[in-house]
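A.B. asks: After the structure tokens below, expect a handful of questions from me.
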Amino acid sequence: MTMGKLLQFGRRQIHTIISRETIKPSSPTPSHLHRYNLSSLDQLFQHTYTPLILFYPNNGNYTLPAQEKAHVMKKSLSKSLSQYYPFAGRLPTPTTPYVDCNDEGVVFVEARNDCHLKMFQHISETDETLEHLFPDDMVCYNSPSNTSLVGVQLNHFSCGGVGVAVSMSHVIGDGRTLGAFFSHWASVTRYGSTDHQEVLPLNPHFIHSPSTGSLMPKAQVINQGHTNHVARKFVFPNTKLIDLKNKVIAMAAAGSTPPTRVDVLTSLLYKTAVTATTTKSGFFKPSCLMIPMDIRKKFVQKLPQTTVGNFLLGMIVQTRHMSETSLSVIVEEIKKEKSQLQGIQSVQHAAENITSLMSKLRNGDSEDVANTLYVCSSFCGFSYNQADFGWGKPVGATLALKSLDNVGFVLKDTADGDGIEALVILEEEVMEIFQNDKEMLSFSHMNLI
């Protein structure tokens, strides 16, 4: 169905909605699976959308016209939804602790944009123009009137490239779940079947939770009260990350376990931010760093990476004195906190840990709470970077951010795999100091935005 909807923004860009269709699973969900209970971990997250878009250039690897490309993707999406059956269901209300797996389907919007793909490939995750690349306003905020859990939009750019956008409600999964779904759908498109040997290892794994019998609590948001946050993007090549790791290893005690590149980069960004904040205010403020960690492999019985749901625990690194801001100290604290996440007994055990942590972060009078909270989320190593629909791997990926409520960092692999791209969100005055830090810049080869 042609929509004839035009959106013009900026000076040149025109965005046209070509068609809109609801894609249902290729086979009906069995009756015994019609109710998908959200786990005690899932129920701690809001019905907000996580929007991820992958960019694919027109490299000549895929000769089908745009209309046929969309048809193939819709067909494979239908097959994928039979595997990811809750995604085609509905959340009866924003606080209902289960999904009604009624096979109502997933909206598939097709759009045309008169800009080149490169315009979007390198813009900020917070740029408002990104919102038009996602369906039905499914971009990172509460939408109580929208009970859909997943939405898809295929964007055709003037250069012949495409942007494949998927928005997923956080109540049914974390970033790892979204990446696994992207990879599964792409592989089904490429190979034509959910039974292909290349697709089978990507099939979702579900943990079926008991019914809680009560509504989910209304979400409580941690708000630090800042309204003048800005975002900057920095790229750290692998060669520089190796140098940074070697620097940290040289300062560590003999026999210490080597840190990962994400560990050392997180530590560098946090150290630089705390130092910049201290310079701006003229005195040191106790701070803490929260790192959401994927815990699928931290359970006593390890879970597959394709396990659907929210499997995140927040690690907290406390910095109470200026002497604790050295790279070596922060890295060791991160490693210590990671080691303590081993041996999780159950989903309920993990949920209790999160509830305790969130309680501390909300209560400003707690002795465990520092003056400034930085959050670092890492998407490094996620499978979506390899998602090949049949026309090659993506040349870029963007997680659209609706707001800049929290200061901190978002890390993801560069498109070529040769480094890490860091989105840094700080108060404007702190950012002016941060982005000129000589040590940080010595490991970063460019500032993109």
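Each chain of the structure tokens is named A, B, ... in the order shown, its residues numbered from 1; ligands are numbered from 1 in display order.
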Contacts between range 164-175 of chain A and range 46-75 of chain A, please, where a residue of range 46-75 of chain A counts if it comes within 10 Å (with only C-alpha atoms); show its shortest atom pair and distance in Å to one decimal, rows by chain and ascending number, as JSON lines.

C.D. replies:
```
{"residue": "A:Gln46", "atom": "CA", "partner": "A:Val171", "partner_atom": "CA", "distance": 6.1}
{"residue": "A:His47", "atom": "CA", "partner": "A:Val171", "partner_atom": "CA", "distance": 5.6}
{"residue": "A:Thr48", "atom": "CA", "partner": "A:Ser169", "partner_atom": "CA", "distance": 5.4}
{"residue": "A:Tyr49", "atom": "CA", "partner": "A:Ser169", "partner_atom": "CA", "distance": 4.4}
{"residue": "A:Thr50", "atom": "CA", "partner": "A:Met168", "partner_atom": "CA", "distance": 5.2}
{"residue": "A:Pro51", "atom": "CA", "partner": "A:Ser167", "partner_atom": "CA", "distance": 4.2}
{"residue": "A:Leu52", "atom": "CA", "partner": "A:Val166", "partner_atom": "CA", "distance": 5.5}
{"residue": "A:Ile53", "atom": "CA", "partner": "A:Ala165", "partner_atom": "CA", "distance": 4.0}
{"residue": "A:Leu54", "atom": "CA", "partner": "A:Val164", "partner_atom": "CA", "distance": 5.3}
{"residue": "A:Phe55", "atom": "CA", "partner": "A:Val164", "partner_atom": "CA", "distance": 6.6}
{"residue": "A:Tyr56", "atom": "CA", "partner": "A:Val164", "partner_atom": "CA", "distance": 8.0}
```

A.B. asks: How close does range 274-293 of chain A get to range 400-419 of chain A? List, as a tab-separated table, each residue of range 274-293 of chain A within 12 Å, its nearest atom pair and the distance in Å to one decimal, counting only C-alpha atoms.

C.D. replies:
```
residue	atom	partner	partner_atom	distance
A:Val274	CA	A:Gly408	CA	10.7
A:Thr277	CA	A:Val407	CA	11.4
A:Ser287	CA	A:Val407	CA	11.7
A:Cys288	CA	A:Gly408	CA	10.7
A:Leu289	CA	A:Gly408	CA	8.4
A:Met290	CA	A:Gly408	CA	9.0
A:Ile291	CA	A:Phe409	CA	9.7
A:Pro292	CA	A:Val410	CA	10.9
```

A.B. asks: I want to know what sits within 10 Å of Met73 in chain A, based on only C-alpha atoms, with residues of the same chain fewer than 5 positions away left out; could you give that as a list in words?

C.D. replies: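 Contacts, with the query itself left out: Glu68, Ser78, Lys79, Phe108, Leu154, Trp185, Ala186, Val188, Thr189, Arg190, Gly192 and Phe389 of chain A.
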
A.B. asks: Those same residues, written as an mmCIF file, in the first residue's frame with all heavy atoms?

C.D. replies:
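The result, stored in again_22.cif:
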```
data_model
loop_
_atom_site.group_PDB
_atom_site.id
_atom_site.type_symbol
_atom_site.label_atom_id
_atom_site.label_comp_id
_atom_site.auth_asym_id
_atom_site.auth_seq_id
_atom_site.Cartn_x
_atom_site.Cartn_y
_atom_site.Cartn_z
ATOM 1 N N GLU A 68 11.984 -6.129 -5.474
ATOM 2 C CA GLU A 68 12.201 -7.555 -5.252
ATOM 3 C C GLU A 68 13.020 -7.800 -3.987
ATOM 4 O O GLU A 68 12.801 -8.771 -3.261
ATOM 5 C CB GLU A 68 12.923 -8.156 -6.461
ATOM 6 C CG GLU A 68 13.136 -9.663 -6.387
ATOM 7 C CD GLU A 68 11.838 -10.446 -6.351
ATOM 8 O OE1 GLU A 68 10.789 -9.914 -6.773
ATOM 9 O OE2 GLU A 68 11.865 -11.602 -5.893
ATOM 10 N N SER A 78 9.145 -13.291 7.738
ATOM 11 C CA SER A 78 8.026 -14.152 8.127
ATOM 12 C C SER A 78 8.528 -15.485 8.663
ATOM 13 O O SER A 78 8.042 -15.990 9.687
ATOM 14 C CB SER A 78 7.100 -14.359 6.928
ATOM 15 O OG SER A 78 6.032 -15.222 7.260
ATOM 16 N N LYS A 79 9.519 -16.054 7.982
ATOM 17 C CA LYS A 79 10.096 -17.323 8.440
ATOM 18 C C LYS A 79 10.812 -17.142 9.784
ATOM 19 O O LYS A 79 10.706 -17.996 10.678
ATOM 20 C CB LYS A 79 11.083 -17.859 7.396
ATOM 21 C CG LYS A 79 10.442 -18.293 6.086
ATOM 22 C CD LYS A 79 11.500 -18.764 5.098
ATOM 23 C CE LYS A 79 10.884 -19.191 3.767
ATOM 24 N NZ LYS A 79 11.917 -19.605 2.792
ATOM 25 N N PHE A 108 6.331 -3.684 8.731
ATOM 26 C CA PHE A 108 7.464 -3.569 7.810
ATOM 27 C C PHE A 108 7.197 -2.350 6.935
ATOM 28 O O PHE A 108 6.300 -2.352 6.094
ATOM 29 C CB PHE A 108 7.602 -4.822 6.941
ATOM 30 C CG PHE A 108 8.844 -4.864 6.091
ATOM 31 C CD1 PHE A 108 9.894 -5.714 6.421
ATOM 32 C CD2 PHE A 108 8.967 -4.072 4.955
ATOM 33 C CE1 PHE A 108 11.042 -5.767 5.632
ATOM 34 C CE2 PHE A 108 10.115 -4.106 4.166
ATOM 35 C CZ PHE A 108 11.152 -4.959 4.508
ATOM 36 N N LEU A 154 12.854 -0.651 5.944
ATOM 37 C CA LEU A 154 13.863 -0.770 4.896
ATOM 38 C C LEU A 154 13.953 0.574 4.194
ATOM 39 O O LEU A 154 12.986 1.035 3.582
ATOM 40 C CB LEU A 154 13.482 -1.868 3.909
ATOM 41 C CG LEU A 154 14.382 -2.027 2.682
ATOM 42 C CD1 LEU A 154 15.802 -2.409 3.093
ATOM 43 C CD2 LEU A 154 13.812 -3.062 1.714
ATOM 44 N N TRP A 185 17.778 -13.260 10.951
ATOM 45 C CA TRP A 185 16.972 -12.801 9.821
ATOM 46 C C TRP A 185 17.836 -12.621 8.569
ATOM 47 O O TRP A 185 17.444 -13.039 7.465
ATOM 48 C CB TRP A 185 16.281 -11.492 10.207
ATOM 49 C CG TRP A 185 15.479 -10.850 9.103
ATOM 50 C CD1 TRP A 185 14.845 -11.475 8.069
ATOM 51 C CD2 TRP A 185 15.245 -9.447 8.923
ATOM 52 N NE1 TRP A 185 14.219 -10.547 7.265
ATOM 53 C CE2 TRP A 185 14.448 -9.301 7.765
ATOM 54 C CE3 TRP A 185 15.615 -8.317 9.656
ATOM 55 C CZ2 TRP A 185 14.025 -8.048 7.302
ATOM 56 C CZ3 TRP A 185 15.188 -7.075 9.197
ATOM 57 C CH2 TRP A 185 14.413 -6.950 8.034
ATOM 58 N N ALA A 186 19.019 -12.032 8.726
ATOM 59 C CA ALA A 186 19.908 -11.833 7.584
ATOM 60 C C ALA A 186 20.304 -13.169 6.961
ATOM 61 O O ALA A 186 20.313 -13.315 5.727
ATOM 62 C CB ALA A 186 21.154 -11.065 8.015
ATOM 63 N N VAL A 188 18.673 -16.069 7.125
ATOM 64 C CA VAL A 188 17.513 -16.686 6.468
ATOM 65 C C VAL A 188 17.283 -16.029 5.110
ATOM 66 O O VAL A 188 16.960 -16.704 4.116
ATOM 67 C CB VAL A 188 16.255 -16.577 7.349
ATOM 68 C CG1 VAL A 188 15.022 -17.093 6.596
ATOM 69 C CG2 VAL A 188 16.433 -17.373 8.640
ATOM 70 N N THR A 189 17.475 -14.712 5.027
ATOM 71 C CA THR A 189 17.354 -14.013 3.744
ATOM 72 C C THR A 189 18.403 -14.513 2.764
ATOM 73 O O THR A 189 18.114 -14.758 1.589
ATOM 74 C CB THR A 189 17.534 -12.490 3.948
ATOM 75 O OG1 THR A 189 16.619 -12.023 4.931
ATOM 76 C CG2 THR A 189 17.281 -11.737 2.646
ATOM 77 N N ARG A 190 19.599 -14.681 3.250
ATOM 78 C CA ARG A 190 20.719 -15.077 2.377
ATOM 79 C C ARG A 190 20.600 -16.520 1.899
ATOM 80 O O ARG A 190 20.837 -16.814 0.724
ATOM 81 C CB ARG A 190 22.030 -14.889 3.140
ATOM 82 C CG ARG A 190 23.272 -15.185 2.328
ATOM 83 C CD ARG A 190 24.521 -14.963 3.166
ATOM 84 N NE ARG A 190 25.735 -15.177 2.415
ATOM 85 C CZ ARG A 190 26.948 -15.151 2.929
ATOM 86 N NH1 ARG A 190 27.101 -14.891 4.225
ATOM 87 N NH2 ARG A 190 28.013 -15.357 2.176
ATOM 88 N N GLY A 192 17.743 -18.634 2.457
ATOM 89 C CA GLY A 192 16.399 -19.000 2.034
ATOM 90 C C GLY A 192 15.643 -19.958 2.923
ATOM 91 O O GLY A 192 14.501 -20.293 2.617
ATOM 92 N N PHE A 389 22.711 -10.051 4.379
ATOM 93 C CA PHE A 389 21.435 -10.408 3.775
ATOM 94 C C PHE A 389 21.590 -10.976 2.361
ATOM 95 O O PHE A 389 20.606 -11.311 1.720
ATOM 96 C CB PHE A 389 20.520 -9.178 3.713
ATOM 97 C CG PHE A 389 19.939 -8.770 5.041
ATOM 98 C CD1 PHE A 389 20.634 -7.921 5.890
ATOM 99 C CD2 PHE A 389 18.694 -9.232 5.440
ATOM 100 C CE1 PHE A 389 20.095 -7.536 7.118
ATOM 101 C CE2 PHE A 389 18.154 -8.860 6.668
ATOM 102 C CZ PHE A 389 18.852 -8.008 7.504
#
```

A.B. asks: Interatomic distance between CA of His321 in chain A and CA of His229 in chain A?

C.D. replies: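 CA of His321 in chain A sits 24.8 Å away from CA of His229 in chain A.
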
A.B. asks: Rank nothing, just name the residue among A:Ile17, A:Leu77, A:Leu41, A:Val107 nearest to Thr355 in chain A, using only C-alpha atoms.

C.D. replies: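 Among the listed residues, A:Leu41 lies closest to Thr355 in chain A.
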
A.B. asks: Quick one: everything within 12 Å of range 238-246 of chain A, counting only C-alpha atoms, minus sequence neighbours fewer than 6 positions away in the same chain. Send it as a PyMOL selection string.

C.D. replies: chain A and resi 252+257-269+327-328+331+413-414+416-421+439-445

A.B. asks: Go ahead and write the residues just picked, N, CA, C and O atoms, as a compact mmCIF listing (two decimals), in the first residue's frame.

C.D. replies:
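Contents of part.txt, freshly written:
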```txt
# COMPACT_ATOMS: atom_id res chain seq x y z
N ALA A 252 50.96 -3.08 35.81
CA ALA A 252 50.29 -4.08 36.64
C ALA A 252 51.29 -4.95 37.39
O ALA A 252 52.47 -5.03 37.04
N THR A 257 46.33 -10.98 35.33
CA THR A 257 45.63 -11.36 34.12
C THR A 257 45.56 -10.17 33.17
O THR A 257 45.16 -9.08 33.59
N PRO A 258 45.94 -10.35 31.91
CA PRO A 258 45.91 -9.22 30.97
C PRO A 258 44.48 -8.70 30.78
O PRO A 258 43.53 -9.48 30.73
N PRO A 259 44.29 -7.40 30.70
CA PRO A 259 42.96 -6.83 30.48
C PRO A 259 42.55 -6.95 29.02
O PRO A 259 43.39 -7.17 28.14
N THR A 260 41.28 -6.79 28.74
CA THR A 260 40.80 -6.76 27.36
C THR A 260 40.93 -5.35 26.82
O THR A 260 41.13 -4.39 27.57
N ARG A 261 40.78 -5.20 25.51
CA ARG A 261 40.86 -3.86 24.92
C ARG A 261 39.68 -3.00 25.38
O ARG A 261 39.82 -1.79 25.53
N VAL A 262 38.52 -3.64 25.62
CA VAL A 262 37.37 -2.89 26.12
C VAL A 262 37.63 -2.42 27.55
O VAL A 262 37.28 -1.29 27.92
N ASP A 263 38.27 -3.27 28.36
CA ASP A 263 38.61 -2.89 29.73
C ASP A 263 39.49 -1.64 29.76
O ASP A 263 39.22 -0.70 30.51
N VAL A 264 40.54 -1.65 28.95
CA VAL A 264 41.49 -0.54 29.00
C VAL A 264 40.89 0.73 28.42
O VAL A 264 41.14 1.84 28.92
N LEU A 265 40.07 0.59 27.36
CA LEU A 265 39.46 1.79 26.78
C LEU A 265 38.42 2.38 27.73
O LEU A 265 38.36 3.61 27.92
N THR A 266 37.62 1.52 28.34
CA THR A 266 36.64 2.00 29.32
C THR A 266 37.34 2.75 30.45
O THR A 266 36.89 3.83 30.87
N SER A 267 38.43 2.20 30.91
CA SER A 267 39.19 2.83 32.00
C SER A 267 39.75 4.18 31.57
O SER A 267 39.71 5.17 32.34
N LEU A 268 40.27 4.26 30.35
CA LEU A 268 40.82 5.52 29.85
C LEU A 268 39.74 6.59 29.74
O LEU A 268 39.94 7.74 30.16
N LEU A 269 38.59 6.23 29.20
CA LEU A 269 37.50 7.19 29.03
C LEU A 269 37.00 7.68 30.39
O LEU A 269 36.76 8.88 30.59
N LEU A 327 44.98 4.68 35.58
CA LEU A 327 44.55 3.62 34.67
C LEU A 327 44.68 2.25 35.31
O LEU A 327 43.77 1.42 35.21
N SER A 328 45.81 2.00 35.96
CA SER A 328 46.06 0.67 36.51
C SER A 328 45.04 0.32 37.59
O SER A 328 44.55 -0.81 37.66
N VAL A 331 41.50 -0.30 35.89
CA VAL A 331 41.50 -1.58 35.17
C VAL A 331 41.40 -2.75 36.14
O VAL A 331 40.62 -3.69 35.94
N ASP A 413 32.31 -1.81 17.82
CA ASP A 413 33.38 -2.07 16.86
C ASP A 413 33.24 -1.14 15.66
O ASP A 413 32.13 -0.82 15.23
N THR A 414 34.37 -0.72 15.10
CA THR A 414 34.31 0.02 13.85
C THR A 414 33.86 -0.94 12.74
O THR A 414 33.98 -2.16 12.87
N ASP A 416 35.07 -1.66 9.93
CA ASP A 416 36.13 -2.49 9.33
C ASP A 416 36.77 -3.43 10.35
O ASP A 416 37.67 -4.21 10.00
N GLY A 417 36.30 -3.38 11.60
CA GLY A 417 36.83 -4.28 12.62
C GLY A 417 38.20 -3.89 13.12
O GLY A 417 38.82 -4.64 13.89
N ASP A 418 38.69 -2.73 12.74
CA ASP A 418 40.05 -2.35 13.07
C ASP A 418 40.12 -1.37 14.24
O ASP A 418 41.03 -0.56 14.34
N GLY A 419 39.13 -1.44 15.14
CA GLY A 419 39.18 -0.56 16.28
C GLY A 419 37.84 -0.45 16.97
O GLY A 419 36.91 -1.22 16.69
N ILE A 420 37.75 0.50 17.88
CA ILE A 420 36.52 0.73 18.64
C ILE A 420 36.11 2.19 18.48
O ILE A 420 36.94 3.09 18.58
N GLU A 421 34.83 2.38 18.23
CA GLU A 421 34.25 3.71 18.13
C GLU A 421 33.57 4.01 19.46
O GLU A 421 32.75 3.23 19.93
N GLU A 439 46.49 12.74 26.66
CA GLU A 439 46.65 11.28 26.77
C GLU A 439 45.56 10.56 25.99
O GLU A 439 45.85 9.63 25.22
N MET A 440 44.31 10.99 26.16
CA MET A 440 43.21 10.34 25.45
C MET A 440 43.38 10.48 23.94
O MET A 440 43.21 9.53 23.18
N LEU A 441 43.74 11.68 23.48
CA LEU A 441 43.89 11.91 22.04
C LEU A 441 45.07 11.15 21.45
O LEU A 441 45.08 10.87 20.25
N SER A 442 46.03 10.81 22.28
CA SER A 442 47.20 10.05 21.76
C SER A 442 46.81 8.64 21.33
O SER A 442 47.55 7.98 20.60
N PHE A 443 45.66 8.17 21.78
CA PHE A 443 45.19 6.84 21.39
C PHE A 443 44.00 6.90 20.43
O PHE A 443 43.49 5.88 19.99
N SER A 444 43.54 8.11 20.13
CA SER A 444 42.39 8.28 19.24
C SER A 444 42.84 9.01 17.97
O SER A 444 43.52 10.03 18.06
N HIS A 445 42.47 8.49 16.81
CA HIS A 445 42.98 9.09 15.58
C HIS A 445 42.04 10.10 14.95
O HIS A 445 42.39 10.79 14.02
```

A.B. asks: What lies within 7 Å of range 33-39 of chain A using only C-alpha atoms, ignoring chain neighbours under 4 positions off, as a list in words?

C.D. replies: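 Once the nearby chain positions are removed, what remains is Thr29, Gln43, Pro86, Pro97, Tyr98, Val99, Asp100, Cys101, Asn102, His208, Ser209, Pro210 and Ser211 of chain A.
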
A.B. asks: Using DSSP secondary structure from the backbone, list all alpha helix (DSSP H) positions within range 381-438 of chain A, as a PyMOL selection string.

C.D. replies: chain A and resi 428-434+438

A.B. asks: Grab the residues selected above and save them as an mmCIF file, in the first residue's frame with N, CA, C and O atoms.

C.D. replies:
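The resulting file, selection.cif, is shown below:
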```cif
data_model
loop_
_atom_site.group_PDB
_atom_site.id
_atom_site.type_symbol
_atom_site.label_atom_id
_atom_site.label_comp_id
_atom_site.auth_asym_id
_atom_site.auth_seq_id
_atom_site.Cartn_x
_atom_site.Cartn_y
_atom_site.Cartn_z
ATOM 1 N N GLU A 428 28.495 19.895 28.709
ATOM 2 C CA GLU A 428 29.181 20.644 27.662
ATOM 3 C C GLU A 428 30.528 21.200 28.126
ATOM 4 O O GLU A 428 31.542 21.088 27.418
ATOM 5 N N GLU A 429 30.573 21.765 29.318
ATOM 6 C CA GLU A 429 31.822 22.351 29.807
ATOM 7 C C GLU A 429 32.869 21.282 30.091
ATOM 8 O O GLU A 429 34.067 21.506 29.891
ATOM 9 N N VAL A 430 32.414 20.128 30.566
ATOM 10 C CA VAL A 430 33.341 19.019 30.819
ATOM 11 C C VAL A 430 33.875 18.474 29.497
ATOM 12 O O VAL A 430 35.056 18.125 29.378
ATOM 13 N N MET A 431 33.005 18.409 28.484
ATOM 14 C CA MET A 431 33.419 17.888 27.180
ATOM 15 C C MET A 431 34.521 18.756 26.568
ATOM 16 O O MET A 431 35.450 18.235 25.927
ATOM 17 N N GLU A 432 34.445 20.078 26.756
ATOM 18 C CA GLU A 432 35.476 20.964 26.212
ATOM 19 C C GLU A 432 36.852 20.577 26.743
ATOM 20 O O GLU A 432 37.852 20.633 26.021
ATOM 21 N N ILE A 433 36.901 20.174 27.997
ATOM 22 C CA ILE A 433 38.176 19.753 28.597
ATOM 23 C C ILE A 433 38.526 18.337 28.144
ATOM 24 O O ILE A 433 39.664 18.044 27.780
ATOM 25 N N PHE A 434 37.533 17.446 28.169
ATOM 26 C CA PHE A 434 37.750 16.040 27.810
ATOM 27 C C PHE A 434 38.341 15.905 26.414
ATOM 28 O O PHE A 434 39.323 15.170 26.207
ATOM 29 N N LYS A 438 45.343 15.307 26.254
ATOM 30 C CA LYS A 438 46.445 14.837 25.410
ATOM 31 C C LYS A 438 46.608 13.318 25.468
ATOM 32 O O LYS A 438 46.876 12.667 24.447
#
```

A.B. asks: Pick the closest to Asn436 in chain A from A:Thr398, A:Thr275, A:Gln83, A:Gln153: which is it, counting only C-alpha atoms?

C.D. replies: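 Closest residue, counting only C-alpha atoms: A:Thr275.
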
A.B. asks: Using only C-alpha atoms, determine which residues lie at most 6 Å from range 298-312 of chain A, disregarding the query and same-chain residues fewer than 3 positions distant; provide the list as a ChimeraX atom specification.

C.D. replies: /A:42,172-174,177,180,204-206,292-295,342-345

A.B. asks: Using N, CA and C atoms, can you write the selected residues to a file as a PDB file, in the first residue's frame?

C.D. replies:
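Final output, saved to out37.pdb:
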```pdb
ATOM      1  N   ASP A  42      13.548  -9.535  32.750  1.00  0.00           N
ATOM      2  CA  ASP A  42      12.849  -8.740  31.736  1.00  0.00           C
ATOM      3  C   ASP A  42      11.960  -7.684  32.370  1.00  0.00           C
ATOM      4  N   ILE A 172      11.568  -7.473  25.983  1.00  0.00           N
ATOM      5  CA  ILE A 172      11.767  -8.842  25.492  1.00  0.00           C
ATOM      6  C   ILE A 172      13.215  -9.169  25.178  1.00  0.00           C
ATOM      7  N   GLY A 173      14.109  -8.194  25.326  1.00  0.00           N
ATOM      8  CA  GLY A 173      15.491  -8.553  25.074  1.00  0.00           C
ATOM      9  C   GLY A 173      16.451  -7.385  25.163  1.00  0.00           C
ATOM     10  N   ASP A 174      17.730  -7.722  25.331  1.00  0.00           N
ATOM     11  CA  ASP A 174      18.800  -6.732  25.416  1.00  0.00           C
ATOM     12  C   ASP A 174      19.470  -6.580  24.047  1.00  0.00           C
ATOM     13  N   THR A 177      20.235  -9.813  22.282  1.00  0.00           N
ATOM     14  CA  THR A 177      19.060 -10.410  21.654  1.00  0.00           C
ATOM     15  C   THR A 177      18.776  -9.746  20.306  1.00  0.00           C
ATOM     16  N   ALA A 180      21.324 -10.871  17.775  1.00  0.00           N
ATOM     17  CA  ALA A 180      21.093 -12.258  17.361  1.00  0.00           C
ATOM     18  C   ALA A 180      19.926 -12.343  16.378  1.00  0.00           C
ATOM     19  N   PRO A 204      17.051 -19.125  17.874  1.00  0.00           N
ATOM     20  CA  PRO A 204      16.940 -18.584  19.236  1.00  0.00           C
ATOM     21  C   PRO A 204      16.781 -19.667  20.285  1.00  0.00           C
ATOM     22  N   HIS A 205      17.243 -19.347  21.486  1.00  0.00           N
ATOM     23  CA  HIS A 205      17.089 -20.233  22.639  1.00  0.00           C
ATOM     24  C   HIS A 205      16.220 -19.505  23.664  1.00  0.00           C
ATOM     25  N   PHE A 206      15.147 -20.158  24.106  1.00  0.00           N
ATOM     26  CA  PHE A 206      14.224 -19.537  25.047  1.00  0.00           C
ATOM     27  C   PHE A 206      14.300 -20.209  26.411  1.00  0.00           C
ATOM     28  N   PRO A 292      27.033  -2.240  32.307  1.00  0.00           N
ATOM     29  CA  PRO A 292      26.122  -3.371  32.112  1.00  0.00           C
ATOM     30  C   PRO A 292      26.871  -4.518  31.420  1.00  0.00           C
ATOM     31  N   MET A 293      26.802  -5.722  32.018  1.00  0.00           N
ATOM     32  CA  MET A 293      27.543  -6.866  31.505  1.00  0.00           C
ATOM     33  C   MET A 293      26.599  -7.966  31.046  1.00  0.00           C
ATOM     34  N   ASP A 294      26.906  -8.545  29.889  1.00  0.00           N
ATOM     35  CA  ASP A 294      26.171  -9.713  29.412  1.00  0.00           C
ATOM     36  C   ASP A 294      26.561 -10.900  30.291  1.00  0.00           C
ATOM     37  N   ILE A 295      25.572 -11.528  30.936  1.00  0.00           N
ATOM     38  CA  ILE A 295      25.879 -12.593  31.906  1.00  0.00           C
ATOM     39  C   ILE A 295      25.487 -13.984  31.408  1.00  0.00           C
ATOM     40  N   GLN A 342      30.923 -14.368  38.248  1.00  0.00           N
ATOM     41  CA  GLN A 342      30.897 -15.791  37.917  1.00  0.00           C
ATOM     42  C   GLN A 342      29.958 -16.557  38.844  1.00  0.00           C
ATOM     43  N   GLY A 343      29.409 -17.655  38.319  1.00  0.00           N
ATOM     44  CA  GLY A 343      28.653 -18.578  39.150  1.00  0.00           C
ATOM     45  C   GLY A 343      27.269 -18.112  39.538  1.00  0.00           C
ATOM     46  N   ILE A 344      26.585 -17.395  38.638  1.00  0.00           N
ATOM     47  CA  ILE A 344      25.214 -16.962  38.921  1.00  0.00           C
ATOM     48  C   ILE A 344      24.299 -18.193  38.937  1.00  0.00           C
ATOM     49  N   GLN A 345      23.516 -18.310  39.971  1.00  0.00           N
ATOM     50  CA  GLN A 345      22.724 -19.527  40.175  1.00  0.00           C
ATOM     51  C   GLN A 345      21.447 -19.565  39.329  1.00  0.00           C
TER      52      GLN A 345
END
```

A.B. asks: Could you check which of A:His71, A:Val150, A:Phe45, A:Asn155 is closest to Arg90 in chain A, using only C-alpha atoms?

C.D. replies: A:Val150

A.B. asks: Considering only C-alpha atoms, can you say which of A:Asn353, A:Thr372, A:Lys285, A:Ala253 comes closest to Arg320 in chain A?

C.D. replies: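 Closest to Arg320 in chain A, using only C-alpha atoms: A:Lys285.
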
A.B. asks: Could you tell me which of A:Thr194, A:Ser187, A:Ser76, A:Asn371 comes closest to Lys393 in chain A if we count only C-alpha atoms?

C.D. replies: A:Ser187

A.B. asks: List the neighbours of Thr22 in chain A out to 12 Å using only C-alpha atoms; skip same-chain residues closer than 6 positions along the sequence, and give me the result as a list of chain:residue names.

C.D. replies: A:Met1, A:Lys74, A:Lys75, A:Leu77, A:Ser78, A:Leu81, A:Ala88, A:Gly89, A:Asp103, A:Glu104, A:Gly105, A:Val106, A:Val107, A:Phe108, A:Val109, A:Glu110, A:Pro135, A:Ser148, A:Val150, A:Gly151, A:Val152, A:Gln153

A.B. asks: Can you measure CA of Ser377 in chain A to CA of Thr272 in chain A for me? One decimal in Å is fine.

C.D. replies: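 If I compute the distance from CA of Ser377 in chain A to CA of Thr272 in chain A, I get 16.7 Å.
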
A.B. asks: Here is a test: counting only C-alpha atoms, which residue of A:Ile14, A:Glu21, A:Gly161, A:Val230 is nearest to Lys69 in chain A?

C.D. replies: A:Gly161

A.B. asks: Where does DSSP see strand (DSSP E or B) in range 13-117 of chain A, if you list the residues as a ChimeraX atom specification?

C.D. replies: /A:13-23,35-37,48-56,90,98-100,106-113
